[in-house]
$ cat protein_4.cif   # mmCIF, C-alpha atoms and all ligand atoms
data_start
loop_
_atom_site.label_atom_id
_atom_site.label_comp_id
_atom_site.auth_asym_id
_atom_site.auth_seq_id
_atom_site.Cartn_x
_atom_site.Cartn_y
_atom_site.Cartn_z
CA MET C 1 73.65 83.64 153.23
CA SER C 2 73.83 84.59 156.87
CA SER C 3 74.84 88.13 157.74
CA ARG C 4 77.07 87.45 160.72
CA PRO C 5 80.55 88.78 159.97
CA VAL C 6 83.17 86.17 160.68
CA ILE C 7 86.01 88.54 159.90
CA GLN C 8 86.01 92.29 159.74
CA LEU C 9 89.04 94.42 158.87
CA ARG C 10 89.01 98.14 159.42
CA GLY C 11 91.64 100.57 158.24
CA VAL C 12 94.36 97.96 157.89
CA SER C 13 97.68 99.33 156.63
CA LYS C 14 100.97 97.58 156.02
CA SER C 15 104.21 98.95 154.59
CA PHE C 16 107.42 97.24 153.62
CA GLY C 17 109.98 100.00 153.97
CA ALA C 18 108.93 102.66 151.49
CA VAL C 19 106.33 100.41 149.81
CA ALA C 20 102.78 100.91 151.09
CA ALA C 21 101.42 97.42 150.33
CA LEU C 22 98.08 98.09 152.10
CA THR C 23 96.56 101.46 152.96
CA ASP C 24 93.46 101.78 155.10
CA VAL C 25 91.82 98.58 153.87
CA ASP C 26 88.35 97.49 155.01
CA LEU C 27 87.05 94.00 154.39
CA GLU C 28 84.23 91.87 155.77
CA VAL C 29 83.09 88.30 155.16
CA SER C 30 80.15 86.48 156.70
CA ALA C 31 79.44 82.85 157.44
CA GLY C 32 78.13 81.09 154.34
CA GLU C 33 79.53 83.75 152.06
CA VAL C 34 82.17 83.64 149.33
CA LEU C 35 84.08 86.89 148.88
CA ALA C 36 86.32 87.14 145.83
CA LEU C 37 89.39 89.30 146.33
CA VAL C 38 90.67 90.68 143.05
CA GLY C 39 93.26 93.19 141.91
CA ASP C 40 96.19 93.64 139.61
CA ASN C 41 99.66 92.28 140.29
CA GLY C 42 101.08 94.03 143.33
CA ALA C 43 97.65 95.29 144.46
CA GLY C 44 98.20 93.85 147.93
CA LYS C 45 96.07 90.68 147.83
CA SER C 46 98.73 88.34 149.15
CA THR C 47 99.79 90.85 151.78
CA LEU C 48 96.20 91.07 152.98
CA VAL C 49 95.93 87.29 153.12
CA LYS C 50 99.21 87.08 155.00
CA THR C 51 98.02 89.52 157.65
CA LEU C 52 95.04 87.19 158.23
CA ALA C 53 97.24 84.10 158.19
CA GLY C 54 99.53 85.52 160.85
CA VAL C 55 102.50 85.93 158.51
CA HIS C 56 102.57 89.76 158.58
CA ALA C 57 101.47 92.00 161.44
CA PRO C 58 99.57 95.05 160.19
CA ASP C 59 101.09 98.47 161.04
CA SER C 60 97.68 99.87 161.95
CA GLY C 61 93.99 99.11 161.78
CA SER C 62 91.86 96.51 163.51
CA ILE C 63 90.83 92.92 162.86
CA GLU C 64 87.67 91.52 164.42
CA PHE C 65 87.02 87.81 164.41
CA LEU C 66 83.47 86.74 165.34
CA GLY C 67 82.91 90.19 166.79
CA GLU C 68 86.02 90.30 168.97
CA GLU C 69 89.08 92.36 168.22
CA VAL C 70 92.05 90.04 167.79
CA SER C 71 95.71 90.16 166.99
CA ILE C 72 97.19 87.39 164.87
CA PRO C 73 100.83 87.25 165.88
CA GLY C 74 101.70 84.03 164.06
CA PRO C 75 100.41 81.18 161.86
CA ASN C 76 99.42 79.10 164.88
CA ALA C 77 97.40 81.98 166.29
CA ALA C 78 95.49 82.13 162.99
CA LEU C 79 94.81 78.39 163.05
CA ASN C 80 93.77 78.50 166.71
CA LEU C 81 91.28 81.26 165.98
CA GLY C 82 89.79 79.29 163.09
CA ILE C 83 91.43 80.91 160.08
CA ALA C 84 92.75 78.43 157.52
CA THR C 85 94.78 79.48 154.51
CA VAL C 86 95.51 77.45 151.40
CA PHE C 87 98.52 79.14 149.82
CA GLN C 88 99.04 78.97 146.12
CA ASP C 89 101.91 76.48 146.25
CA LEU C 90 99.66 74.13 148.33
CA ALA C 91 102.68 72.79 150.28
CA LEU C 92 101.88 69.14 149.67
CA CYS C 93 104.47 66.35 149.74
CA ASP C 94 104.40 64.69 146.32
CA ASN C 95 105.88 61.40 147.45
CA LEU C 96 103.45 60.86 150.34
CA ASP C 97 99.92 59.52 149.98
CA VAL C 98 96.71 61.48 150.54
CA VAL C 99 96.24 60.38 154.17
CA SER C 100 99.81 61.30 155.09
CA ASN C 101 99.43 64.70 153.48
CA LEU C 102 96.14 65.40 155.20
CA PHE C 103 97.60 64.63 158.61
CA LEU C 104 101.14 65.88 158.08
CA GLY C 105 102.17 67.52 161.35
CA SER C 106 98.90 66.71 163.11
CA GLU C 107 98.95 62.92 163.06
CA ILE C 108 96.46 61.14 165.27
CA ARG C 109 98.58 59.36 167.88
CA GLY C 110 97.77 56.47 170.16
CA SER C 111 100.59 54.19 171.09
CA ARG C 112 101.59 54.73 167.46
CA LEU C 113 100.10 56.62 164.51
CA ASN C 114 96.54 55.48 164.19
CA GLU C 115 96.53 54.75 160.47
CA VAL C 116 93.03 53.30 160.42
CA GLU C 117 91.49 56.26 162.17
CA MET C 118 93.32 58.72 159.90
CA GLU C 119 92.15 56.84 156.82
CA VAL C 120 88.54 56.84 158.00
CA ARG C 121 88.74 60.56 158.82
CA SER C 122 90.28 61.22 155.39
CA TRP C 123 87.37 59.57 153.62
CA GLU C 124 84.91 61.49 155.79
CA LEU C 125 86.54 64.78 154.92
CA LEU C 126 86.71 64.04 151.23
CA ARG C 127 83.12 62.82 151.18
CA GLN C 128 82.03 66.01 152.93
CA LEU C 129 83.60 67.89 150.01
CA SER C 130 82.12 65.47 147.44
CA ALA C 131 85.71 65.09 146.29
CA LYS C 132 86.63 62.78 143.47
CA ILE C 133 89.77 61.14 144.78
CA PRO C 134 90.20 57.54 143.61
CA SER C 135 92.14 56.35 146.66
CA VAL C 136 93.56 57.91 149.81
CA ARG C 137 96.56 55.61 149.58
CA ILE C 138 98.00 56.92 146.33
CA PRO C 139 100.84 59.45 146.28
CA ILE C 140 100.01 63.10 145.65
CA ALA C 141 102.28 62.96 142.58
CA SER C 142 99.72 60.84 140.74
CA LEU C 143 96.79 63.21 141.34
CA SER C 144 95.54 65.91 138.97
CA GLY C 145 95.92 69.59 139.80
CA GLY C 146 92.27 69.81 140.85
CA GLN C 147 92.60 66.77 143.08
CA ARG C 148 95.69 68.25 144.72
CA GLN C 149 93.82 71.47 145.40
CA THR C 150 91.07 69.33 146.95
CA VAL C 151 93.53 67.59 149.24
CA ALA C 152 95.03 70.93 150.29
CA ILE C 153 91.58 72.31 151.07
CA ALA C 154 90.57 69.13 152.92
CA ARG C 155 93.72 69.42 155.02
CA SER C 156 92.86 72.98 155.97
CA LEU C 157 89.45 71.78 157.21
CA LEU C 158 90.92 69.37 159.76
CA ARG C 159 90.90 71.99 162.49
CA ASP C 160 87.34 73.00 161.79
CA PRO C 161 87.99 76.62 160.68
CA LYS C 162 85.37 79.35 160.45
CA LEU C 163 87.19 81.22 157.68
CA ILE C 164 89.06 79.66 154.80
CA ILE C 165 91.25 81.66 152.47
CA LEU C 166 92.09 80.27 149.04
CA ASP C 167 94.89 81.92 147.08
CA GLU C 168 94.27 81.45 143.34
CA PRO C 169 92.71 77.98 143.73
CA THR C 170 92.03 77.53 140.03
CA ALA C 171 95.24 79.02 138.59
CA ALA C 172 96.87 76.50 136.26
CA LEU C 173 93.84 74.18 136.22
CA GLY C 174 92.01 72.91 133.14
CA VAL C 175 88.31 73.51 132.51
CA GLU C 176 87.04 70.34 134.16
CA GLN C 177 89.32 70.61 137.18
CA THR C 178 88.38 74.25 137.62
CA ALA C 179 84.72 73.24 137.71
CA GLU C 180 85.54 70.62 140.33
CA VAL C 181 87.30 73.14 142.55
CA LEU C 182 84.51 75.69 142.14
CA ASN C 183 82.02 73.01 143.21
CA LEU C 184 84.17 72.48 146.23
CA VAL C 185 84.08 76.18 147.07
CA GLU C 186 80.29 75.93 146.97
CA ARG C 187 80.43 72.98 149.38
CA LEU C 188 82.47 75.13 151.77
CA ARG C 189 79.82 77.84 151.62
CA GLU C 190 77.03 75.28 152.17
CA ASN C 191 78.92 74.08 155.22
CA GLY C 192 78.65 77.59 156.63
CA LEU C 193 82.24 78.71 156.24
CA ALA C 194 83.27 82.22 155.35
CA VAL C 195 85.41 81.98 152.21
CA ILE C 196 87.88 84.48 150.77
CA MET C 197 88.99 83.48 147.28
CA ILE C 198 91.75 85.35 145.50
CA SER C 199 91.31 85.08 141.77
CA HIS C 200 92.41 86.60 138.50
CA ASN C 201 89.68 84.80 136.64
CA MET C 202 86.46 86.79 136.21
CA SER C 203 84.39 83.79 135.16
CA ASP C 204 85.41 81.96 138.34
CA VAL C 205 84.47 85.04 140.34
CA ARG C 206 81.10 85.23 138.64
CA ALA C 207 80.53 81.50 139.05
CA VAL C 208 80.93 81.21 142.82
CA ALA C 209 81.42 84.51 144.60
CA ASP C 210 78.60 86.37 146.37
CA ARG C 211 80.58 89.60 146.53
CA VAL C 212 83.77 90.82 144.98
CA SER C 213 86.20 93.21 146.62
CA VAL C 214 88.73 95.08 144.50
CA LEU C 215 92.16 96.18 145.69
CA ARG C 216 94.08 98.72 143.65
CA LEU C 217 97.55 99.94 144.63
CA GLY C 218 96.94 98.67 148.16
CA ARG C 219 93.61 100.44 148.65
CA ASN C 220 89.96 99.40 148.49
CA ASN C 221 88.62 100.25 145.07
CA GLY C 222 85.05 99.02 145.34
CA THR C 223 83.09 96.08 146.73
CA PHE C 224 80.28 94.76 144.57
CA THR C 225 77.50 92.22 144.79
CA VAL C 226 78.37 89.86 141.97
CA ALA C 227 74.78 89.52 140.77
CA ASP C 228 74.53 93.30 140.32
CA VAL C 229 77.84 94.18 138.68
CA SER C 230 79.06 93.84 135.12
CA GLN C 231 82.40 92.30 134.31
CA GLU C 232 83.43 95.61 132.74
CA ASP C 233 82.82 97.45 136.00
CA ILE C 234 84.97 94.97 137.92
CA VAL C 235 87.73 95.26 135.33
CA ALA C 236 87.46 99.06 135.45
CA ALA C 237 87.86 99.00 139.23
CA ILE C 238 90.87 96.69 138.96
CA THR C 239 92.66 98.73 136.35
CA GLY C 240 91.63 102.20 137.44
CA ALA C 241 89.50 102.50 134.28
CA THR C 242 90.57 105.56 132.34
CA ASP C 243 94.30 105.37 132.92
CA ASN C 244 94.40 101.95 131.30
CA ALA C 245 94.22 101.16 127.58
CA ALA C 246 92.29 97.90 127.93
CA SER C 247 89.49 99.31 130.06
CA ARG C 248 89.36 102.46 127.93
CA ARG C 249 88.73 100.12 125.00
CA VAL C 250 85.96 98.35 126.93
CA ALA C 251 84.48 101.73 127.85
CA ALA C 252 84.66 102.92 124.25
CA VAL C 253 82.99 99.78 122.91
CA SER C 254 80.11 99.91 125.38
CA THR C 255 79.69 103.64 124.87
CA LYS C 256 79.41 103.07 121.13
CA ALA C 257 76.90 100.29 121.70
CA ALA C 258 74.79 102.56 123.90
CA SER C 259 74.87 105.48 121.51
CA ALA C 260 76.48 105.41 118.08
CA THR C 261 76.73 109.19 118.02
CA THR C 262 78.89 109.53 121.15
CA PRO C 263 82.60 109.33 120.40
CA PRO C 264 84.75 107.49 122.97
CA ALA C 265 85.53 110.45 125.14
CA GLY C 266 88.77 110.73 127.05
CA THR C 267 87.02 111.79 130.25
CA SER C 268 86.76 109.59 133.31
CA SER C 269 82.99 109.34 133.57
CA THR C 270 82.36 107.03 130.62
CA THR C 271 82.60 103.73 132.50
CA ASP C 272 79.92 104.45 135.09
CA GLU C 273 76.86 103.15 133.32
CA GLN C 274 77.81 100.01 131.46
CA GLU C 275 75.88 96.95 130.32
N1 LIG L 301 107.88 90.85 151.99
C1 LIG L 301 107.85 91.95 151.24
N2 LIG L 301 108.85 92.85 151.26
C2 LIG L 301 108.81 93.96 150.53
N3 LIG L 301 107.78 94.28 149.70
C3 LIG L 301 106.77 93.45 149.62
C4 LIG L 301 106.73 92.23 150.37
N4 LIG L 301 105.58 91.58 150.10
C5 LIG L 301 104.93 92.35 149.21
N5 LIG L 301 105.62 93.47 148.92
C6 LIG L 301 105.20 94.55 148.03
O1 LIG L 301 103.89 94.91 148.40
C7 LIG L 301 103.07 95.17 147.26
C8 LIG L 301 101.87 94.26 147.26
O2 LIG L 301 102.30 92.94 147.01
P1 LIG L 301 101.35 91.65 147.07
O3 LIG L 301 102.21 90.45 146.94
O4 LIG L 301 100.49 91.74 148.27
O5 LIG L 301 100.47 91.86 145.77
P2 LIG L 301 99.42 90.86 145.09
O6 LIG L 301 98.16 91.61 144.94
O7 LIG L 301 99.38 89.59 145.84
O8 LIG L 301 100.06 90.65 143.65
P3 LIG L 301 100.09 89.33 142.71
O9 LIG L 301 98.79 89.30 141.98
O10 LIG L 301 101.23 89.61 141.80
O11 LIG L 301 100.30 88.13 143.58
C9 LIG L 301 103.99 94.98 146.07
O12 LIG L 301 104.48 96.24 145.69
C10 LIG L 301 105.09 94.10 146.60
O13 LIG L 301 106.29 94.32 145.89
MG MG L 302 99.88 87.62 145.37
#
$ encode --input "protein_4.cif" --output "structure tokens"
Amino acid sequence: MSSRPVIQLRGVSKSFGAVAALTDVDLEVSAGEVLALVGDNGAGKSTLVKTLAGVHAPDSGSIEFLGEEVSIPGPNAALNLGIATVFQDLALCDNLDVVSNLFLGSEIRGSRLNEVEMEVRSWELLRQLSAKIPSVRIPIASLSGGQRQTVAIARSLLRDPKLIILDEPTAALGVEQTAEVLNLVERLRENGLAVIMISHNMSDVRAVADRVSVLRLGRNNGTFTVADVSQEDIVAAITGATDNAASRRVAAVSTKAASATTPPAGTSSTTDEQE
């Protein structure tokens, strides 16, 4: 892992009317690093991603890209900087084949569309990702969920981004397809990209992320090195620990395991030393 920050957010806030979606959020990701972004529903994950994708302008705070303060006034500005986002719906055209989807809107043109060149480039891209796509001339509709995710990621790599943001890339995927997509995330890291992966799945986070950043009610609620943090601590940060029944249960169980004589106390300090 290199330590050069590709993106650095400081004190980013964003409100929608009376709703403070983000308050004073800091975030940093380096080249060759996978940062998992986690948090409960409504925690502000998508809003954060959309400020980086040029969909929402932050109300305050600063964004540095490769050490320079930038503003990201629109989706094209994000792409031009080198920020690629794969949204959860993937935005693929089911009836078109893989090549057409990869180059949709950015077709290679000579006197006419250069189909051969696009097909060659498609194979190159997919090979770079070690992707298992049987043919680039079959319609998206006949691909598996994991293969579709692969195509969407490959498409986002066309403009040679420095940062790639994946919104729930394994949601709704089976075990094998999830493994395939996680392998792909590792390829992205090997290729030196900075990766932000939104996920609800702790085993995915543990499998590929270097660090995990927790948002709670629109605020930072801890950033951890994955190798050093227990799942319980991540869950506690997501839920706010003691005001949540599930994490109180986790805390009680681990407290009992540590010392059978200590009853599960109702105080807030019981989750600090787990595992
Ligand atoms: N365009 C919008 N207009 C008004 N409120 C919004 C808008 N987008 C998000 N919000 C509000 O901002 C807060 C954060 O929402 P956001 O979608 O960022 O959460 P999230 O962490 O992505 O949640 P989820 O896991 O459910 O996708 C929520 O209270 C949401 O209702
Ligand atoms: Mg969301």
$ closest_residue --input "protein_4.cif" --among "C:Gly105, C:Val98, C:Ala152, C:Ser62" --to "Arg137 (chain C)" --atoms "all atoms listed in the file"
C:Val98
$ residues_near_point --input "protein_4.cif" --point "(97.6, 100.8, 162.9)" --cutoff "7 Å" --atoms "only C-alpha atoms" --output "ChimeraX atom specification"
/C:12-13,58-61
$ atom_distance --input "protein_4.cif" --atom1 "CA of Ser46 (chain C)" --atom2 "CA of Leu9 (chain C)"
15.0 Å
$ atom_distance --input "protein_4.cif" --atom1 "CA of Ile133 (chain C)" --atom2 "CA of Ile153 (chain C)"
12.9 Å
$ residues_around --input "protein_4.cif" --residues "Val86 (chain C)" --least-positions-apart "4" --cutoff "12 Å" --atoms "all atoms listed in the file" --output "VMD selection string"
chain C and resid 46 49 to 50 52 to 53 79 90 to 92 148 to 157 161 163 to 170 195 to 198
$ residues_around --input "protein_4.cif" --residues "Glu68 (chain C)" --least-positions-apart "6" --cutoff "12 Å" --atoms "only C-alpha atoms" --output "list in words"
Pro5, Val6, Ile7, Gln8, Leu9, Ser62 and Leu81 of chain C
$ write_last_selection --input "protein_4.cif" --atoms "C-alpha atoms" --output "PDB file, keeping the file's coordinate frame"
ATOM      1  CA  PRO C   5      80.550  88.780 159.970  1.00  0.00           C
ATOM      2  CA  VAL C   6      83.170  86.170 160.680  1.00  0.00           C
ATOM      3  CA  ILE C   7      86.010  88.540 159.900  1.00  0.00           C
ATOM      4  CA  GLN C   8      86.010  92.290 159.740  1.00  0.00           C
ATOM      5  CA  LEU C   9      89.040  94.420 158.870  1.00  0.00           C
ATOM      6  CA  SER C  62      91.860  96.510 163.510  1.00  0.00           C
ATOM      7  CA  LEU C  81      91.280  81.260 165.980  1.00  0.00           C
TER       8      LEU C  81
END
$ residues_around --input "protein_4.cif" --residues "Thr178 (chain C)" --least-positions-apart "2" --cutoff "12 Å" --atoms "only C-alpha atoms" --output "number ranges by chain"
C: 144-150, 168-176, 180-185, 199, 201, 203-205, 207-208
$ closest_residue --input "protein_4.cif" --among "C:Gly11, C:Pro75, C:Gly32, C:Gly218" --to "ligand LIG 301 (chain L)" --atoms "all atoms listed in the file"
C:Gly218
$ residues_near_ligand --input "protein_4.cif" --ligand "ligand MG 302 (chain L)" --cutoff "8 Å" --atoms "only C-alpha atoms and all ligand atoms" --output "list in words"
Asn41, Gly42, Gly44, Lys45, Ser46, Thr47 and Asp167 of chain C
$ atom_distance --input "protein_4.cif" --atom1 "CA of Ser135 (chain C)" --atom2 "CA of Phe103 (chain C)"
15.5 Å
$ build_atoms --input "protein_4.cif" --residues "region 170-192 of chain C" --atoms "N, CA and C atoms" --output "PDB file, keeping the file's coordinate frame"
ATOM      1  N   THR C 170      92.235  78.136 141.350  1.00  0.00           N
ATOM      2  CA  THR C 170      92.030  77.530 140.030  1.00  0.00           C
ATOM      3  C   THR C 170      93.135  77.912 139.034  1.00  0.00           C
ATOM      4  N   ALA C 171      94.142  78.668 139.503  1.00  0.00           N
ATOM      5  CA  ALA C 171      95.240  79.020 138.590  1.00  0.00           C
ATOM      6  C   ALA C 171      95.881  77.726 138.103  1.00  0.00           C
ATOM      7  N   ALA C 172      96.174  77.660 136.835  1.00  0.00           N
ATOM      8  CA  ALA C 172      96.870  76.500 136.260  1.00  0.00           C
ATOM      9  C   ALA C 172      96.018  75.234 136.207  1.00  0.00           C
ATOM     10  N   LEU C 173      94.693  75.369 136.353  1.00  0.00           N
ATOM     11  CA  LEU C 173      93.840  74.180 136.220  1.00  0.00           C
ATOM     12  C   LEU C 173      93.099  74.215 134.882  1.00  0.00           C
ATOM     13  N   GLY C 174      92.812  73.020 134.363  1.00  0.00           N
ATOM     14  CA  GLY C 174      92.010  72.910 133.140  1.00  0.00           C
ATOM     15  C   GLY C 174      90.545  73.188 133.434  1.00  0.00           C
ATOM     16  N   VAL C 175      89.729  73.160 132.387  1.00  0.00           N
ATOM     17  CA  VAL C 175      88.310  73.510 132.510  1.00  0.00           C
ATOM     18  C   VAL C 175      87.581  72.605 133.492  1.00  0.00           C
ATOM     19  N   GLU C 176      87.785  71.288 133.334  1.00  0.00           N
ATOM     20  CA  GLU C 176      87.040  70.340 134.160  1.00  0.00           C
ATOM     21  C   GLU C 176      87.484  70.416 135.631  1.00  0.00           C
ATOM     22  N   GLN C 177      88.799  70.535 135.812  1.00  0.00           N
ATOM     23  CA  GLN C 177      89.320  70.610 137.180  1.00  0.00           C
ATOM     24  C   GLN C 177      88.906  71.908 137.858  1.00  0.00           C
ATOM     25  N   THR C 178      88.850  72.973 137.078  1.00  0.00           N
ATOM     26  CA  THR C 178      88.380  74.250 137.620  1.00  0.00           C
ATOM     27  C   THR C 178      86.948  74.097 138.120  1.00  0.00           C
ATOM     28  N   ALA C 179      86.114  73.446 137.310  1.00  0.00           N
ATOM     29  CA  ALA C 179      84.720  73.240 137.710  1.00  0.00           C
ATOM     30  C   ALA C 179      84.643  72.448 139.006  1.00  0.00           C
ATOM     31  N   GLU C 180      85.509  71.446 139.115  1.00  0.00           N
ATOM     32  CA  GLU C 180      85.540  70.620 140.330  1.00  0.00           C
ATOM     33  C   GLU C 180      85.886  71.465 141.569  1.00  0.00           C
ATOM     34  N   VAL C 181      86.883  72.314 141.416  1.00  0.00           N
ATOM     35  CA  VAL C 181      87.300  73.140 142.550  1.00  0.00           C
ATOM     36  C   VAL C 181      86.234  74.182 142.890  1.00  0.00           C
ATOM     37  N   LEU C 182      85.577  74.720 141.868  1.00  0.00           N
ATOM     38  CA  LEU C 182      84.510  75.690 142.140  1.00  0.00           C
ATOM     39  C   LEU C 182      83.339  75.012 142.861  1.00  0.00           C
ATOM     40  N   ASN C 183      83.047  73.767 142.482  1.00  0.00           N
ATOM     41  CA  ASN C 183      82.020  73.010 143.210  1.00  0.00           C
ATOM     42  C   ASN C 183      82.395  72.885 144.673  1.00  0.00           C
ATOM     43  N   LEU C 184      83.673  72.641 144.870  1.00  0.00           N
ATOM     44  CA  LEU C 184      84.170  72.480 146.230  1.00  0.00           C
ATOM     45  C   LEU C 184      84.007  73.775 147.034  1.00  0.00           C
ATOM     46  N   VAL C 185      84.254  74.884 146.395  1.00  0.00           N
ATOM     47  CA  VAL C 185      84.080  76.180 147.070  1.00  0.00           C
ATOM     48  C   VAL C 185      82.610  76.333 147.485  1.00  0.00           C
ATOM     49  N   GLU C 186      81.719  75.858 146.613  1.00  0.00           N
ATOM     50  CA  GLU C 186      80.290  75.930 146.970  1.00  0.00           C
ATOM     51  C   GLU C 186      79.958  75.027 148.156  1.00  0.00           C
ATOM     52  N   ARG C 187      80.624  73.860 148.216  1.00  0.00           N
ATOM     53  CA  ARG C 187      80.430  72.980 149.380  1.00  0.00           C
ATOM     54  C   ARG C 187      80.839  73.714 150.657  1.00  0.00           C
ATOM     55  N   LEU C 188      81.971  74.421 150.584  1.00  0.00           N
ATOM     56  CA  LEU C 188      82.470  75.130 151.770  1.00  0.00           C
ATOM     57  C   LEU C 188      81.437  76.149 152.240  1.00  0.00           C
ATOM     58  N   ARG C 189      80.858  76.864 151.269  1.00  0.00           N
ATOM     59  CA  ARG C 189      79.820  77.840 151.620  1.00  0.00           C
ATOM     60  C   ARG C 189      78.612  77.160 152.237  1.00  0.00           C
ATOM     61  N   GLU C 190      78.183  76.030 151.624  1.00  0.00           N
ATOM     62  CA  GLU C 190      77.030  75.280 152.170  1.00  0.00           C
ATOM     63  C   GLU C 190      77.297  74.834 153.594  1.00  0.00           C
ATOM     64  N   ASN C 191      78.571  74.512 153.875  1.00  0.00           N
ATOM     65  CA  ASN C 191      78.920  74.080 155.220  1.00  0.00           C
ATOM     66  C   ASN C 191      79.039  75.241 156.201  1.00  0.00           C
ATOM     67  N   GLY C 192      78.726  76.447 155.728  1.00  0.00           N
ATOM     68  CA  GLY C 192      78.650  77.590 156.630  1.00  0.00           C
ATOM     69  C   GLY C 192      79.964  78.321 156.860  1.00  0.00           C
TER      70      GLY C 192
END
